Amino acid sequence: MKILPDYEHMEYRDVYTCLLHRYRHILGLWQPDIGPYGGLLNVVVDGLFIIGWMYLPPHDPHVDDPMRFKPLFRIHLMERKSATVECMYGHKGPHNGHIQIVKKDEFSTKCNQTDHHRMSGGRQEEFRTWLREEWGRTLEDIFHEHMQELILMKFIYTSQYDNCLTYRRIYLPPSSPDDLLNPGLFKGTYGSHGLEIVMLSFHGKKAKGTKITGDPNIPAGQQTVEIDLAHPIQLPDIENLRNFNELSRIVLEVQEQVRREQQQQEEEEGQDEEEGRSRQGDSQQAEPPAQGDDAGAEGTEAAGAAAAQESAPNSQPFVLPVGVISRNEDYPRTCRMCFYGTGLIAGHGFTSPERTPGIFILFDDDRFGFIWLELKSFSLYSRIKVSFQNAEAPSREAFDEMLKNIQSMTT
């Protein structure tokens, strides 16, 4: 009795029609709807299979280690003109599954044999196995009580889905020659929550870090950091840099400068609107100067950021101020440049979200950091060096719309 498909006699037309063409819309990058936790799924063609790989950050706090990945489902032809979907979740091998393509940028998976996900030792064995895979350690190795609670909460929440998930398409950010560094996906340290995946993208004078994976405080889809490229920060000498109060003073001065500029801009925009209303009879003549003023302002900001990059030294010594907590002490000891930024903090359940001041540190082409002043905490980010296919946004507008959509899911 033949169990494996007879690939040698399978015509390419059958493979294309029943497999590649039928499931072409699910190729690429996706974010699963798993409450605040999110995720990163890459669906690829691998020979005569289509496989959905879930990408996981390395074990905390080893942010420079490569990503881990595991298969969640696969699709192949068991016989001519019949594609078979198999769930790969659990430890008992492939079993019967189902995929429904809801629309072009959304699909869902369902496991039809969830008993394959169960282990003979019950939930306790399942939890210990998950903990070794997710964190690379046992519960006894984790002494921090709050961290134990967060880990147990994540296991209970995520395991209830049993690989029955809805996925929404995400795109890699478009790049420009003027970008401070290449945009893309990064692994970042988030205290007791462990390592999370963040997408860095550039938007004129701003850079944004959007969570692809998240936690109960700041869910996936939210903008974790925003960098103001128009406001570079000059670090003090290495001895003064060790003084947290000195660094805090510098950052808060820039924050006040940004606040005054925003207030002035709002007042000018209000005056322009008032003048526009008073000259409604001749609106066409009133518009060009306003456009010229805006273009000039943007040009000045862009020139300021470019000048900061040109005037900054190739590298300068860097050390974390005394009292700033870091999950990873193996951070770079030199940096290229720094900018003012804000970081999003919130209570459990994304309650009382607030943007707080911080400093963005560019270390090299593949690593950056962020100091959260209010938390006295440091996050280190390292580039995910994986070549994802079928993940380019068709346009800048499509990428911006995607960011809005994934943020609205958790707002």
# chains A, B, ... in the order shown; residues from 1 in each chain; ligands from 1
>>> residues_around(residues="Ile227 in chain A", least_positions_apart="2", cutoff="12 Å", atoms="only C-alpha atoms", output="PyMOL selection string")
chain A and resi 180+200-210+223-225+229-233+305+338-344+355-362+368-371
>>> write_last_selection(atoms="C-alpha atoms", output="PDB file, in the first residue's frame")
ATOM      1  CA  LEU A 180      19.556  56.090   9.413  1.00  0.00           C
ATOM      2  CA  LEU A 200      11.711  49.304  12.793  1.00  0.00           C
ATOM      3  CA  SER A 201      10.368  51.600  10.057  1.00  0.00           C
ATOM      4  CA  PHE A 202      11.124  55.172   8.919  1.00  0.00           C
ATOM      5  CA  HIS A 203       8.554  57.900   8.326  1.00  0.00           C
ATOM      6  CA  GLY A 204      10.265  61.140   7.308  1.00  0.00           C
ATOM      7  CA  LYS A 205      11.688  62.777  10.431  1.00  0.00           C
ATOM      8  CA  LYS A 206      10.442  59.914  12.649  1.00  0.00           C
ATOM      9  CA  ALA A 207      11.396  56.272  13.117  1.00  0.00           C
ATOM     10  CA  LYS A 208       8.943  53.857  14.719  1.00  0.00           C
ATOM     11  CA  GLY A 209       9.368  50.522  16.477  1.00  0.00           C
ATOM     12  CA  THR A 210       6.178  48.425  16.246  1.00  0.00           C
ATOM     13  CA  GLN A 223       4.251  51.310  18.773  1.00  0.00           C
ATOM     14  CA  THR A 224       6.789  50.589  21.495  1.00  0.00           C
ATOM     15  CA  VAL A 225       9.304  53.347  20.661  1.00  0.00           C
ATOM     16  CA  LEU A 229      15.419  62.101  14.036  1.00  0.00           C
ATOM     17  CA  ALA A 230      15.210  65.915  14.043  1.00  0.00           C
ATOM     18  CA  HIS A 231      16.538  66.036  17.631  1.00  0.00           C
ATOM     19  CA  PRO A 232      19.943  64.363  18.012  1.00  0.00           C
ATOM     20  CA  ILE A 233      21.473  64.126  21.489  1.00  0.00           C
ATOM     21  CA  ALA A 305      19.157  65.259  10.928  1.00  0.00           C
ATOM     22  CA  CYS A 338      21.860  59.178  19.728  1.00  0.00           C
ATOM     23  CA  PHE A 339      18.431  60.758  19.300  1.00  0.00           C
ATOM     24  CA  TYR A 340      15.600  61.844  21.535  1.00  0.00           C
ATOM     25  CA  GLY A 341      12.695  59.407  21.590  1.00  0.00           C
ATOM     26  CA  THR A 342       9.659  58.268  23.504  1.00  0.00           C
ATOM     27  CA  GLY A 343       8.747  54.812  24.771  1.00  0.00           C
ATOM     28  CA  LEU A 344       5.261  53.443  25.439  1.00  0.00           C
ATOM     29  CA  ARG A 355       4.534  57.865  26.093  1.00  0.00           C
ATOM     30  CA  THR A 356       7.583  58.673  28.236  1.00  0.00           C
ATOM     31  CA  PRO A 357      10.944  60.244  27.305  1.00  0.00           C
ATOM     32  CA  GLY A 358      13.998  58.199  26.476  1.00  0.00           C
ATOM     33  CA  ILE A 359      17.108  58.065  24.340  1.00  0.00           C
ATOM     34  CA  PHE A 360      17.714  56.016  21.189  1.00  0.00           C
ATOM     35  CA  ILE A 361      21.303  54.766  20.780  1.00  0.00           C
ATOM     36  CA  LEU A 362      22.559  53.594  17.394  1.00  0.00           C
ATOM     37  CA  PHE A 368      20.418  49.774  18.609  1.00  0.00           C
ATOM     38  CA  GLY A 369      19.285  50.461  22.153  1.00  0.00           C
ATOM     39  CA  PHE A 370      16.737  52.504  24.069  1.00  0.00           C
ATOM     40  CA  ILE A 371      16.992  53.873  27.612  1.00  0.00           C
TER      41      ILE A 371
END
>>> residues_around(residues="Gly35 in chain A", least_positions_apart="4", cutoff="12 Å", atoms="only C-alpha atoms", output="count of residues only")
27
>>> closest_residue(among="A:Tyr37, A:Tyr171, A:Phe127, A:Tyr381", to="Met402 in chain A", atoms="only C-alpha atoms")
A:Tyr171
>>> residues_around(residues="Asp60 in chain A", least_positions_apart="4", cutoff="7 Å", atoms="only C-alpha atoms", output="list in words")
Trp135, Gly194 and Leu195 of chain A
>>> write_last_selection(atoms="N, CA and C atoms", output="tab-separated table (two decimals), in the first residue's frame")
chain	number	residue	atom	x	y	z
A	135	TRP	N	11.68	29.14	26.95
A	135	TRP	CA	12.64	29.88	27.76
A	135	TRP	C	13.98	29.18	27.92
A	194	GLY	N	10.89	38.97	28.66
A	194	GLY	CA	11.81	38.26	27.78
A	194	GLY	C	12.07	39.00	26.49
A	195	LEU	N	12.44	38.26	25.44
A	195	LEU	CA	12.74	38.86	24.13
A	195	LEU	C	11.47	38.96	23.29
>>> select_by_dssp(residues="range 217-403 of chain A", states="helix (DSSP H, G or I)", output="PyMOL selection string")
chain A and resi 238-241+244-278+280-311+396-403
>>> closest_residue(among="A:Pro66, A:Pro174, A:Gly90, A:Gly276", to="Phe186 in chain A", atoms="only C-alpha atoms")
A:Pro66
>>> closest_residue(among="A:Asn328, A:Asp272, A:Asn163, A:Arg169", to="Glu401 in chain A", atoms="only C-alpha atoms")
A:Arg169
>>> select_by_dssp(residues="range 131-207 of chain A", states="strand (DSSP E)", output="list of chain:residue names")
A:Thr166, A:Tyr167, A:Arg168, A:Arg169, A:Ile170, A:Gly184, A:Leu185, A:Phe186, A:Lys187, A:Gly188, A:Thr189, A:Leu195, A:Glu196, A:Ile197, A:Val198, A:Met199, A:Leu200, A:Ser201, A:Phe202, A:His203, A:Lys206, A:Ala207
>>> write_last_selection(atoms="N, CA, C and O atoms", output="PDB file, in the first residue's frame")
ATOM      1  N   THR A 166      -6.202  32.712  13.645  1.00  0.00           N
ATOM      2  CA  THR A 166      -6.434  33.610  12.513  1.00  0.00           C
ATOM      3  C   THR A 166      -5.174  34.436  12.302  1.00  0.00           C
ATOM      4  O   THR A 166      -4.583  34.951  13.260  1.00  0.00           O
ATOM      5  N   TYR A 167      -4.750  34.557  11.052  1.00  0.00           N
ATOM      6  CA  TYR A 167      -3.523  35.282  10.709  1.00  0.00           C
ATOM      7  C   TYR A 167      -3.858  36.471   9.816  1.00  0.00           C
ATOM      8  O   TYR A 167      -4.718  36.369   8.935  1.00  0.00           O
ATOM      9  N   ARG A 168      -3.142  37.568  10.057  1.00  0.00           N
ATOM     10  CA  ARG A 168      -3.280  38.760   9.210  1.00  0.00           C
ATOM     11  C   ARG A 168      -1.919  39.125   8.642  1.00  0.00           C
ATOM     12  O   ARG A 168      -0.910  39.083   9.335  1.00  0.00           O
ATOM     13  N   ARG A 169      -1.924  39.498   7.360  1.00  0.00           N
ATOM     14  CA  ARG A 169      -0.663  39.734   6.642  1.00  0.00           C
ATOM     15  C   ARG A 169       0.083  40.940   7.203  1.00  0.00           C
ATOM     16  O   ARG A 169      -0.524  41.956   7.563  1.00  0.00           O
ATOM     17  N   ILE A 170       1.402  40.811   7.285  1.00  0.00           N
ATOM     18  CA  ILE A 170       2.259  41.948   7.587  1.00  0.00           C
ATOM     19  C   ILE A 170       3.324  42.060   6.501  1.00  0.00           C
ATOM     20  O   ILE A 170       3.680  41.075   5.848  1.00  0.00           O
ATOM     21  N   GLY A 184      13.665  47.066   9.268  1.00  0.00           N
ATOM     22  CA  GLY A 184      13.466  45.614   9.268  1.00  0.00           C
ATOM     23  C   GLY A 184      12.999  45.114  10.611  1.00  0.00           C
ATOM     24  O   GLY A 184      12.489  45.869  11.450  1.00  0.00           O
ATOM     25  N   LEU A 185      13.202  43.825  10.847  1.00  0.00           N
ATOM     26  CA  LEU A 185      12.771  43.166  12.076  1.00  0.00           C
ATOM     27  C   LEU A 185      13.949  42.995  13.031  1.00  0.00           C
ATOM     28  O   LEU A 185      15.047  42.634  12.607  1.00  0.00           O
ATOM     29  N   PHE A 186      13.676  43.232  14.304  1.00  0.00           N
ATOM     30  CA  PHE A 186      14.709  43.148  15.337  1.00  0.00           C
ATOM     31  C   PHE A 186      14.183  42.359  16.537  1.00  0.00           C
ATOM     32  O   PHE A 186      12.983  42.329  16.799  1.00  0.00           O
ATOM     33  N   LYS A 187      15.118  41.721  17.267  1.00  0.00           N
ATOM     34  CA  LYS A 187      14.806  41.109  18.565  1.00  0.00           C
ATOM     35  C   LYS A 187      15.185  42.113  19.636  1.00  0.00           C
ATOM     36  O   LYS A 187      16.262  42.709  19.565  1.00  0.00           O
ATOM     37  N   GLY A 188      14.325  42.287  20.649  1.00  0.00           N
ATOM     38  CA  GLY A 188      14.613  43.258  21.690  1.00  0.00           C
ATOM     39  C   GLY A 188      14.331  42.711  23.077  1.00  0.00           C
ATOM     40  O   GLY A 188      13.470  41.839  23.256  1.00  0.00           O
ATOM     41  N   THR A 189      15.077  43.211  24.081  1.00  0.00           N
ATOM     42  CA  THR A 189      14.905  42.756  25.461  1.00  0.00           C
ATOM     43  C   THR A 189      13.836  43.605  26.148  1.00  0.00           C
ATOM     44  O   THR A 189      13.875  44.837  26.079  1.00  0.00           O
ATOM     45  N   LEU A 195      12.436  38.264  25.436  1.00  0.00           N
ATOM     46  CA  LEU A 195      12.736  38.860  24.132  1.00  0.00           C
ATOM     47  C   LEU A 195      11.469  38.962  23.289  1.00  0.00           C
ATOM     48  O   LEU A 195      10.646  38.049  23.273  1.00  0.00           O
ATOM     49  N   GLU A 196      11.328  40.084  22.588  1.00  0.00           N
ATOM     50  CA  GLU A 196      10.175  40.289  21.715  1.00  0.00           C
ATOM     51  C   GLU A 196      10.640  40.782  20.352  1.00  0.00           C
ATOM     52  O   GLU A 196      11.758  41.294  20.208  1.00  0.00           O
ATOM     53  N   ILE A 197       9.784  40.626  19.350  1.00  0.00           N
ATOM     54  CA  ILE A 197      10.109  41.002  17.970  1.00  0.00           C
ATOM     55  C   ILE A 197       9.515  42.380  17.686  1.00  0.00           C
ATOM     56  O   ILE A 197       8.331  42.621  17.929  1.00  0.00           O
ATOM     57  N   VAL A 198      10.359  43.274  17.160  1.00  0.00           N
ATOM     58  CA  VAL A 198       9.961  44.652  16.876  1.00  0.00           C
ATOM     59  C   VAL A 198      10.312  44.981  15.431  1.00  0.00           C
ATOM     60  O   VAL A 198      11.371  44.597  14.934  1.00  0.00           O
ATOM     61  N   MET A 199       9.408  45.693  14.750  1.00  0.00           N
ATOM     62  CA  MET A 199       9.652  46.143  13.377  1.00  0.00           C
ATOM     63  C   MET A 199      10.034  47.618  13.390  1.00  0.00           C
ATOM     64  O   MET A 199       9.276  48.461  13.865  1.00  0.00           O
ATOM     65  N   LEU A 200      11.239  47.922  12.880  1.00  0.00           N
ATOM     66  CA  LEU A 200      11.711  49.304  12.793  1.00  0.00           C
ATOM     67  C   LEU A 200      11.415  49.843  11.395  1.00  0.00           C
ATOM     68  O   LEU A 200      11.816  49.249  10.388  1.00  0.00           O
ATOM     69  N   SER A 201      10.706  50.985  11.342  1.00  0.00           N
ATOM     70  CA  SER A 201      10.368  51.600  10.057  1.00  0.00           C
ATOM     71  C   SER A 201      10.604  53.104  10.143  1.00  0.00           C
ATOM     72  O   SER A 201      10.592  53.690  11.223  1.00  0.00           O
ATOM     73  N   PHE A 202      10.823  53.741   8.980  1.00  0.00           N
ATOM     74  CA  PHE A 202      11.124  55.172   8.919  1.00  0.00           C
ATOM     75  C   PHE A 202      10.001  55.924   8.226  1.00  0.00           C
ATOM     76  O   PHE A 202       9.465  55.481   7.215  1.00  0.00           O
ATOM     77  N   HIS A 203       9.677  57.086   8.808  1.00  0.00           N
ATOM     78  CA  HIS A 203       8.554  57.900   8.326  1.00  0.00           C
ATOM     79  C   HIS A 203       8.991  59.367   8.351  1.00  0.00           C
ATOM     80  O   HIS A 203       8.636  60.110   9.267  1.00  0.00           O
ATOM     81  N   LYS A 206      10.691  60.835  11.536  1.00  0.00           N
ATOM     82  CA  LYS A 206      10.442  59.914  12.649  1.00  0.00           C
ATOM     83  C   LYS A 206      10.854  58.495  12.261  1.00  0.00           C
ATOM     84  O   LYS A 206      10.824  58.110  11.090  1.00  0.00           O
ATOM     85  N   ALA A 207      11.243  57.722  13.268  1.00  0.00           N
ATOM     86  CA  ALA A 207      11.396  56.272  13.117  1.00  0.00           C
ATOM     87  C   ALA A 207      10.514  55.624  14.175  1.00  0.00           C
ATOM     88  O   ALA A 207      10.361  56.148  15.279  1.00  0.00           O
TER      89      ALA A 207
END
>>> residues_around(residues="Thr84 in chain A", least_positions_apart="4", cutoff="10 Å", atoms="only C-alpha atoms", output="PDB file with all heavy atoms, in the first residue's frame")
ATOM      1  N   CYS A  18      -3.237  22.666  -8.067  1.00  0.00           N
ATOM      2  CA  CYS A  18      -3.867  22.228  -6.816  1.00  0.00           C
ATOM      3  C   CYS A  18      -3.153  22.710  -5.562  1.00  0.00           C
ATOM      4  O   CYS A  18      -3.735  22.685  -4.473  1.00  0.00           O
ATOM      5  CB  CYS A  18      -3.943  20.698  -6.786  1.00  0.00           C
ATOM      6  SG  CYS A  18      -4.796  20.001  -8.209  1.00  0.00           S
ATOM      7  N   LEU A  19      -1.901  23.127  -5.715  1.00  0.00           N
ATOM      8  CA  LEU A  19      -1.149  23.533  -4.531  1.00  0.00           C
ATOM      9  C   LEU A  19      -0.715  25.000  -4.614  1.00  0.00           C
ATOM     10  O   LEU A  19      -1.210  25.840  -3.865  1.00  0.00           O
ATOM     11  CB  LEU A  19       0.074  22.626  -4.356  1.00  0.00           C
ATOM     12  CG  LEU A  19       0.886  22.819  -3.074  1.00  0.00           C
ATOM     13  CD1 LEU A  19       0.074  22.404  -1.863  1.00  0.00           C
ATOM     14  CD2 LEU A  19       2.186  22.011  -3.138  1.00  0.00           C
ATOM     15  N   PHE A  49       6.062  21.073  -0.932  1.00  0.00           N
ATOM     16  CA  PHE A  49       5.292  21.426   0.263  1.00  0.00           C
ATOM     17  C   PHE A  49       5.122  22.940   0.365  1.00  0.00           C
ATOM     18  O   PHE A  49       5.964  23.704  -0.113  1.00  0.00           O
ATOM     19  CB  PHE A  49       6.000  20.952   1.545  1.00  0.00           C
ATOM     20  CG  PHE A  49       6.017  19.467   1.741  1.00  0.00           C
ATOM     21  CD1 PHE A  49       6.984  18.673   1.126  1.00  0.00           C
ATOM     22  CD2 PHE A  49       5.068  18.850   2.538  1.00  0.00           C
ATOM     23  CE1 PHE A  49       7.006  17.310   1.311  1.00  0.00           C
ATOM     24  CE2 PHE A  49       5.087  17.475   2.735  1.00  0.00           C
ATOM     25  CZ  PHE A  49       6.056  16.705   2.114  1.00  0.00           C
ATOM     26  N   ARG A  74       1.553  22.221   7.320  1.00  0.00           N
ATOM     27  CA  ARG A  74       2.108  22.030   5.982  1.00  0.00           C
ATOM     28  C   ARG A  74       0.996  21.584   5.052  1.00  0.00           C
ATOM     29  O   ARG A  74      -0.005  20.993   5.478  1.00  0.00           O
ATOM     30  CB  ARG A  74       3.247  21.015   5.994  1.00  0.00           C
ATOM     31  CG  ARG A  74       2.825  19.580   6.263  1.00  0.00           C
ATOM     32  CD  ARG A  74       4.040  18.652   6.266  1.00  0.00           C
ATOM     33  NE  ARG A  74       3.631  17.252   6.397  1.00  0.00           N
ATOM     34  CZ  ARG A  74       4.488  16.239   6.478  1.00  0.00           C
ATOM     35  NH1 ARG A  74       5.793  16.470   6.445  1.00  0.00           N
ATOM     36  NH2 ARG A  74       4.041  14.985   6.581  1.00  0.00           N
ATOM     37  N   ILE A  75       1.190  21.888   3.765  1.00  0.00           N
ATOM     38  CA  ILE A  75       0.223  21.506   2.731  1.00  0.00           C
ATOM     39  C   ILE A  75       0.988  20.790   1.627  1.00  0.00           C
ATOM     40  O   ILE A  75       2.052  21.257   1.195  1.00  0.00           O
ATOM     41  CB  ILE A  75      -0.483  22.744   2.131  1.00  0.00           C
ATOM     42  CG1 ILE A  75      -0.936  23.705   3.241  1.00  0.00           C
ATOM     43  CG2 ILE A  75      -1.675  22.339   1.277  1.00  0.00           C
ATOM     44  CD1 ILE A  75      -1.372  25.068   2.718  1.00  0.00           C
ATOM     45  N   HIS A  76       0.473  19.643   1.173  1.00  0.00           N
ATOM     46  CA  HIS A  76       1.121  18.937   0.064  1.00  0.00           C
ATOM     47  C   HIS A  76       0.083  18.088  -0.651  1.00  0.00           C
ATOM     48  O   HIS A  76      -1.068  17.959  -0.218  1.00  0.00           O
ATOM     49  CB  HIS A  76       2.298  18.098   0.559  1.00  0.00           C
ATOM     50  CG  HIS A  76       1.919  17.056   1.573  1.00  0.00           C
ATOM     51  ND1 HIS A  76       2.000  15.707   1.332  1.00  0.00           N
ATOM     52  CD2 HIS A  76       1.461  17.172   2.850  1.00  0.00           C
ATOM     53  CE1 HIS A  76       1.615  15.043   2.410  1.00  0.00           C
ATOM     54  NE2 HIS A  76       1.287  15.910   3.341  1.00  0.00           N
ATOM     55  N   LEU A  77       0.498  17.507  -1.769  1.00  0.00           N
ATOM     56  CA  LEU A  77      -0.403  16.663  -2.567  1.00  0.00           C
ATOM     57  C   LEU A  77      -0.174  15.208  -2.200  1.00  0.00           C
ATOM     58  O   LEU A  77       0.889  14.647  -2.460  1.00  0.00           O
ATOM     59  CB  LEU A  77      -0.158  16.879  -4.062  1.00  0.00           C
ATOM     60  CG  LEU A  77      -0.438  18.291  -4.607  1.00  0.00           C
ATOM     61  CD1 LEU A  77      -0.240  18.304  -6.118  1.00  0.00           C
ATOM     62  CD2 LEU A  77      -1.846  18.739  -4.268  1.00  0.00           C
ATOM     63  N   MET A  78      -1.167  14.593  -1.566  1.00  0.00           N
ATOM     64  CA  MET A  78      -1.079  13.171  -1.254  1.00  0.00           C
ATOM     65  C   MET A  78      -1.383  12.333  -2.489  1.00  0.00           C
ATOM     66  O   MET A  78      -0.895  11.239  -2.666  1.00  0.00           O
ATOM     67  CB  MET A  78      -2.058  12.815  -0.133  1.00  0.00           C
ATOM     68  CG  MET A  78      -1.649  13.393   1.216  1.00  0.00           C
ATOM     69  SD  MET A  78      -0.082  12.769   1.815  1.00  0.00           S
ATOM     70  CE  MET A  78      -0.520  11.088   2.251  1.00  0.00           C
ATOM     71  N   GLU A  79      -2.221  12.875  -3.327  1.00  0.00           N
ATOM     72  CA  GLU A  79      -2.510  12.235  -4.604  1.00  0.00           C
ATOM     73  C   GLU A  79      -2.879  13.335  -5.575  1.00  0.00           C
ATOM     74  O   GLU A  79      -3.085  14.476  -5.186  1.00  0.00           O
ATOM     75  CB  GLU A  79      -3.650  11.229  -4.469  1.00  0.00           C
ATOM     76  CG  GLU A  79      -4.922  11.833  -3.898  1.00  0.00           C
ATOM     77  CD  GLU A  79      -5.984  10.790  -3.614  1.00  0.00           C
ATOM     78  OE1 GLU A  79      -5.626   9.715  -3.101  1.00  0.00           O
ATOM     79  OE2 GLU A  79      -7.140  11.054  -3.932  1.00  0.00           O
ATOM     80  N   ASN A  96      -4.315  15.629  10.927  1.00  0.00           N
ATOM     81  CA  ASN A  96      -5.289  16.297  10.063  1.00  0.00           C
ATOM     82  C   ASN A  96      -5.574  17.734  10.492  1.00  0.00           C
ATOM     83  O   ASN A  96      -5.828  18.016  11.664  1.00  0.00           O
ATOM     84  CB  ASN A  96      -6.591  15.494  10.056  1.00  0.00           C
ATOM     85  CG  ASN A  96      -7.590  16.042   9.048  1.00  0.00           C
ATOM     86  OD1 ASN A  96      -8.537  16.702   9.420  1.00  0.00           O
ATOM     87  ND2 ASN A  96      -7.347  15.780   7.770  1.00  0.00           N
ATOM     88  N   GLY A  97      -5.517  18.646   9.514  1.00  0.00           N
ATOM     89  CA  GLY A  97      -5.810  20.055   9.774  1.00  0.00           C
ATOM     90  C   GLY A  97      -6.612  20.663   8.641  1.00  0.00           C
ATOM     91  O   GLY A  97      -6.944  19.992   7.650  1.00  0.00           O
ATOM     92  N   HIS A  98      -6.908  21.946   8.777  1.00  0.00           N
ATOM     93  CA  HIS A  98      -7.731  22.639   7.783  1.00  0.00           C
ATOM     94  C   HIS A  98      -7.282  24.095   7.698  1.00  0.00           C
ATOM     95  O   HIS A  98      -6.920  24.709   8.698  1.00  0.00           O
ATOM     96  CB  HIS A  98      -9.211  22.570   8.177  1.00  0.00           C
ATOM     97  CG  HIS A  98     -10.113  23.362   7.268  1.00  0.00           C
ATOM     98  ND1 HIS A  98     -10.417  22.959   5.989  1.00  0.00           N
ATOM     99  CD2 HIS A  98     -10.773  24.542   7.467  1.00  0.00           C
ATOM    100  CE1 HIS A  98     -11.223  23.845   5.430  1.00  0.00           C
ATOM    101  NE2 HIS A  98     -11.457  24.816   6.300  1.00  0.00           N
ATOM    102  N   ILE A  99      -7.289  24.649   6.482  1.00  0.00           N
ATOM    103  CA  ILE A  99      -6.981  26.060   6.260  1.00  0.00           C
ATOM    104  C   ILE A  99      -8.124  26.704   5.501  1.00  0.00           C
ATOM    105  O   ILE A  99      -8.601  26.157   4.497  1.00  0.00           O
ATOM    106  CB  ILE A  99      -5.665  26.237   5.475  1.00  0.00           C
ATOM    107  CG1 ILE A  99      -4.467  25.921   6.373  1.00  0.00           C
ATOM    108  CG2 ILE A  99      -5.537  27.664   4.932  1.00  0.00           C
ATOM    109  CD1 ILE A  99      -3.131  26.058   5.690  1.00  0.00           C
TER     110      ILE A  99
END
>>> closest_residue(among="A:Glu273, A:Asp115, A:Asp64, A:Asp33", to="Arg383 in chain A", atoms="only C-alpha atoms")
A:Asp64
>>> residues_around(residues="Tyr23 in chain A", least_positions_apart="5", cutoff="12 Å", atoms="only C-alpha atoms", output="PDB file with C-alpha atoms, in the first residue's frame")
ATOM      1  CA  VAL A  15       1.288  20.802  -8.366  1.00  0.00           C
ATOM      2  CA  TYR A  16       0.732  24.313  -9.686  1.00  0.00           C
ATOM      3  CA  THR A  17      -3.047  24.071 -10.027  1.00  0.00           C
ATOM      4  CA  CYS A  18      -3.867  22.228  -6.816  1.00  0.00           C
ATOM      5  CA  GLY A  28       4.637  35.590   3.017  1.00  0.00           C
ATOM      6  CA  VAL A  43       4.685  30.713   4.875  1.00  0.00           C
ATOM      7  CA  VAL A  44       7.038  29.401   2.180  1.00  0.00           C
ATOM      8  CA  VAL A  45       7.197  26.927  -0.691  1.00  0.00           C
ATOM      9  CA  PHE A  49       5.292  21.426   0.263  1.00  0.00           C
ATOM     10  CA  ILE A  50       3.922  24.720   1.513  1.00  0.00           C
ATOM     11  CA  ILE A  51       5.035  25.106   5.147  1.00  0.00           C
ATOM     12  CA  GLY A  52       4.052  27.617   7.806  1.00  0.00           C
ATOM     13  CA  ARG A  74       2.108  22.030   5.982  1.00  0.00           C
ATOM     14  CA  ILE A  75       0.223  21.506   2.731  1.00  0.00           C
ATOM     15  CA  HIS A  76       1.121  18.937   0.064  1.00  0.00           C
ATOM     16  CA  ALA A  83      -4.111  19.006  -1.485  1.00  0.00           C
ATOM     17  CA  THR A  84      -3.799  17.806   2.108  1.00  0.00           C
ATOM     18  CA  VAL A  85      -3.447  20.171   5.078  1.00  0.00           C
ATOM     19  CA  ILE A  99      -6.981  26.060   6.260  1.00  0.00           C
ATOM     20  CA  GLN A 100      -9.603  28.625   5.310  1.00  0.00           C
ATOM     21  CA  ILE A 101      -8.597  31.649   3.251  1.00  0.00           C
ATOM     22  CA  VAL A 102     -10.924  34.323   4.610  1.00  0.00           C
ATOM     23  CA  LYS A 103      -9.721  37.010   2.200  1.00  0.00           C
ATOM     24  CA  LYS A 104      -6.530  38.038   0.430  1.00  0.00           C
ATOM     25  CA  PHE A 107      -6.553  33.225   6.679  1.00  0.00           C
TER      26      PHE A 107
END
>>> atom_distance(atom1="CA of Ser192 in chain A", atom2="CA of Leu375 in chain A")
12.9 Å
